[in-house]
Amino acid sequence: MQILCAGDFHIGRRPTRLPPEAGVGLSAAQAWQDLVALALERSVDLVVLTGDVVDRDNRYFEAFGPLEAGLDALARARIPVAAVAGNHDYDVLPRLAESFPGNFHLIGAGGRWERVTLATKGGTVHLDGWSFPREHVTSDPLAAYALAPPREGLWLGLLHGDLDQPGSHYAPLTMEGLRQAGPVAWLLGHIHSPRLISAGAGADLLYPGSPLALSPKEPGPHGPWLLEVGGDGRLRFEHLPRSRVRYEVVEVDLTGVETEEAIRPRVAEAVRERLEGVLVEAGEHLQHLLCRIRATGRTRLHRRVARAIEPAVEDLAIRRGQAVATVESVVVDTRPVWDLAGLAAGSGPPAVLARLLLILQEGEASPQRAELLTEARTVLKGLAGRPPYGLLDRDPAAEVAPDDEALARLVERQGWLLLDELLAQGGGGEPFAAGEA
Ligand SMILES: [Mn+2]
């Protein structure tokens with residue numbers, strides 16, 4: 001048995017931050033049409049929709065035509081559709097169900113648990129579902145769930161709600177409650193980032209996520225899921241990353257960049273690399289990759305990066321086949337390069353720190369450097385395991401016995417960070433800043 005599952009289309013919406021010249025077909029309505037085409041192509045046994053298929057703000061204008069056309073095509077191919085309503089389409093989906101009696105099953109209308117049993121060509125499936133009766137629901141719908149286990153066939157739960165957010169106004173659910181309720185898997189809606197929770201005992205939980213990526217807050221792959229029931233009766237989940245739009249955070253290390261003109265090629269290279277990587281996964285389905293650039297590294301341009309980088313990359317467009325990658329926004333997280341020699345000649349804590357950093361830059365033969373590292377090693381040993389320094393354990397360079405080079409890198413990095421702090425507190429350290437013409 002093959003089940004195609006998706007939710008949170010929000011038909012009526014377009015992905016945010018797309019440039020105005022972005023291609024047509026980058027809409028939630030198109031993502032629905034793509035899902036229908038895929039269901040027909042694979043000749044699946046069932047399509048499951050987990051709510052918020054239609055966006056509340058735009059519900060009648062864009063949604064009805066494509067939804068009716070798609071449901072009509074699925075009905076003609078005898079592929080049933082089961083759905084629960086979410087907080088956005090609690091009023092639209094029941095009306096749609098009336099137009100498609102027999103093939104479109106809205107389960108649990110009005111917030112009452114209901115079981116729909118379907119005899120598909122791949123076998124019998126029982127779907128226990130609950131639909132939003134109104135926009136806000138502040139209690140866990142599972143509290144009223146009391147359907148008895150079916151005698152045979154696949155047993156699935158279908159629900160729209162917020163997971164492990166106790167104060168949520170959108171049907172707060174608990175992982176424990178769902179996993180112990182009875183069905184072998186819960187197909188969920190509301191959270192737009194795809195998430196499969198499938199370990200240990202208890203039901204599998206799947207948030208299929210929105211099949212079209214809609215916001216930079218949901219980076220990474222998006223697309224429908226294919227559920228397959230194997231011979232052993234267990235479910236297998238396959239994510240199909242078919243979203244035409246994708247958001248990615250791309251880190252660009254500006255270390256060594258000395259001029260404003262050198263920023264753009266550095267960003268372009270990183271964007272090109274990411275586009276090629278994403279295309280390996282998404283293939284011909286990807287049309288637009290929107291990159292959030294996070295500029296990092298230590299550069300003499302530090303204080304000019306924020307001003308220079310956005311105009312330098314706003315019209316950047318890297319093309320590969322049908323796909324284009326552009327920059328959606330920039331976060332600057334670079335650090336300055338300080339003039340260590342100038343600082344070391346001064347006085348106070350920054351001078352002491354600058355002298356230490358200069359010693360660290362000396363070669364391995366330097367006795368001063370060796371002495372410093374021995375001292376650092378002793379201090380580090382004393383710190384390891386003490387609660388406030390637990391984070392140090394996460395640093396691969398801070399393992400129990402780092403070698404001299406790893407230790408030098410660790411001390412140097414911490415030294416630079418401390419120097420940034422000291423100079424920022426002391427009024428910015430303007431007189432010491434190097435290369436800030
Ligand atoms: Mn929702």
# chains A, B, ... in the order shown; residues from 1 in each chain; ligands from 1
call {"tool": "residues_near_ligand", "arguments": {"ligand": "ligand 1", "cutoff": "8 Å", "atoms": "only C-alpha atoms and all ligand atoms", "output": "list in words"}}
result
Asp8, Gly51, Asp52, Gly86, Asn87, His88, His160, Gly161, Tyr170, Gly189, His190 and Ile191 of chain A
call {"tool": "select_by_dssp", "arguments": {"residues": "range 242-417 of chain A", "states": "strand (DSSP E or B)", "output": "JSON, numbers by chain"}}
result
{"A": [245, 246, 247, 248, 249, 250, 251, 252, 253, 288, 289, 290, 291, 292, 293, 294, 295, 296, 298, 299, 317, 318, 319, 320, 323, 324, 325, 326, 327, 328, 329, 330, 331, 332, 335, 336, 338]}
call {"tool": "write_last_selection", "arguments": {"atoms": "C-alpha atoms", "output": "PDB file, in the first residue's frame"}}
result
ATOM      1  CA  VAL A 245      11.336  26.777  -3.761  1.00  0.00           C
ATOM      2  CA  ARG A 246      13.960  26.229  -1.111  1.00  0.00           C
ATOM      3  CA  TYR A 247      15.492  28.374   1.624  1.00  0.00           C
ATOM      4  CA  GLU A 248      19.008  27.800   2.860  1.00  0.00           C
ATOM      5  CA  VAL A 249      21.343  29.497   5.320  1.00  0.00           C
ATOM      6  CA  VAL A 250      24.714  29.813   3.619  1.00  0.00           C
ATOM      7  CA  GLU A 251      27.737  30.620   5.740  1.00  0.00           C
ATOM      8  CA  VAL A 252      30.360  32.668   3.933  1.00  0.00           C
ATOM      9  CA  ASP A 253      33.744  32.934   5.624  1.00  0.00           C
ATOM     10  CA  HIS A 288      14.360  29.007  -6.875  1.00  0.00           C
ATOM     11  CA  LEU A 289      16.906  28.790  -4.080  1.00  0.00           C
ATOM     12  CA  LEU A 290      16.723  31.696  -1.642  1.00  0.00           C
ATOM     13  CA  CYS A 291      19.905  32.069   0.386  1.00  0.00           C
ATOM     14  CA  ARG A 292      20.272  33.781   3.729  1.00  0.00           C
ATOM     15  CA  ILE A 293      23.945  34.692   3.852  1.00  0.00           C
ATOM     16  CA  ARG A 294      25.692  34.525   7.203  1.00  0.00           C
ATOM     17  CA  ALA A 295      29.004  36.319   6.852  1.00  0.00           C
ATOM     18  CA  THR A 296      31.615  35.033   9.290  1.00  0.00           C
ATOM     19  CA  ARG A 298      37.868  37.670  10.888  1.00  0.00           C
ATOM     20  CA  THR A 299      38.466  40.481   8.424  1.00  0.00           C
ATOM     21  CA  ALA A 317      21.709  35.378  -9.505  1.00  0.00           C
ATOM     22  CA  ILE A 318      23.425  32.049 -10.089  1.00  0.00           C
ATOM     23  CA  ARG A 319      21.744  29.827 -12.680  1.00  0.00           C
ATOM     24  CA  ARG A 320      21.935  26.070 -13.227  1.00  0.00           C
ATOM     25  CA  ALA A 323      17.044  26.752 -11.247  1.00  0.00           C
ATOM     26  CA  VAL A 324      18.234  30.127 -10.008  1.00  0.00           C
ATOM     27  CA  ALA A 325      19.756  31.035  -6.660  1.00  0.00           C
ATOM     28  CA  THR A 326      19.488  34.530  -5.190  1.00  0.00           C
ATOM     29  CA  VAL A 327      20.318  36.181  -1.876  1.00  0.00           C
ATOM     30  CA  GLU A 328      17.293  36.787   0.317  1.00  0.00           C
ATOM     31  CA  SER A 329      18.992  38.528   3.244  1.00  0.00           C
ATOM     32  CA  VAL A 330      22.338  38.905   4.969  1.00  0.00           C
ATOM     33  CA  VAL A 331      23.368  38.416   8.577  1.00  0.00           C
ATOM     34  CA  VAL A 332      26.786  39.826   9.451  1.00  0.00           C
ATOM     35  CA  ARG A 335      34.909  39.800  13.689  1.00  0.00           C
ATOM     36  CA  PRO A 336      37.641  42.402  13.458  1.00  0.00           C
ATOM     37  CA  TRP A 338      43.132  43.936  15.614  1.00  0.00           C
TER      38      TRP A 338
END
call {"tool": "residues_around", "arguments": {"residues": "range 114-120 of chain A", "least_positions_apart": "3", "cutoff": "12 Å", "atoms": "only C-alpha atoms", "output": "ChimeraX atom specification"}}
result
/A:1-3,43-47,78-84,102-111,123-131,144-159,183
call {"tool": "residues_around", "arguments": {"residues": "range 240-242 of chain A", "least_positions_apart": "3", "cutoff": "7 Å", "atoms": "only C-alpha atoms", "output": "compact mmCIF listing (two decimals) with C-alpha atoms, in the first residue's frame"}}
result
# COMPACT_ATOMS: atom_id res chain seq x y z
CA PRO A 221 14.08 20.20 1.94
CA HIS A 222 10.29 20.36 1.56
CA GLY A 223 7.92 18.11 -0.32
CA PRO A 224 5.31 15.39 0.10
CA TRP A 225 5.97 12.08 1.84
CA ALA A 282 15.99 18.17 -5.55
CA HIS A 285 12.03 20.16 -9.25
CA LEU A 286 13.93 23.12 -7.80
call {"tool": "atom_distance", "arguments": {"atom1": "CA of Ala370 in chain A", "atom2": "CA of Leu410 in chain A"}}
result
14.6 Å
call {"tool": "closest_residue", "arguments": {"among": "A:Ala143, A:Val278, A:Ala312, A:Leu93", "to": "Asp55 in chain A", "atoms": "only C-alpha atoms"}}
result
A:Leu93
call {"tool": "atom_distance", "arguments": {"atom1": "CA of Leu40 in chain A", "atom2": "CA of Leu71 in chain A"}}
result
11.3 Å
call {"tool": "select_by_dssp", "arguments": {"residues": "range 76-154 of chain A", "states": "helix (DSSP H, G or I)", "output": "list in words"}}
result
Arg76, Val92, Leu93, Pro94, Arg95, Leu96, Ala97, Glu98, Ser99, Ala109, Gly110, Gly111, Pro141, Leu142, Ala143 and Ala144 of chain A
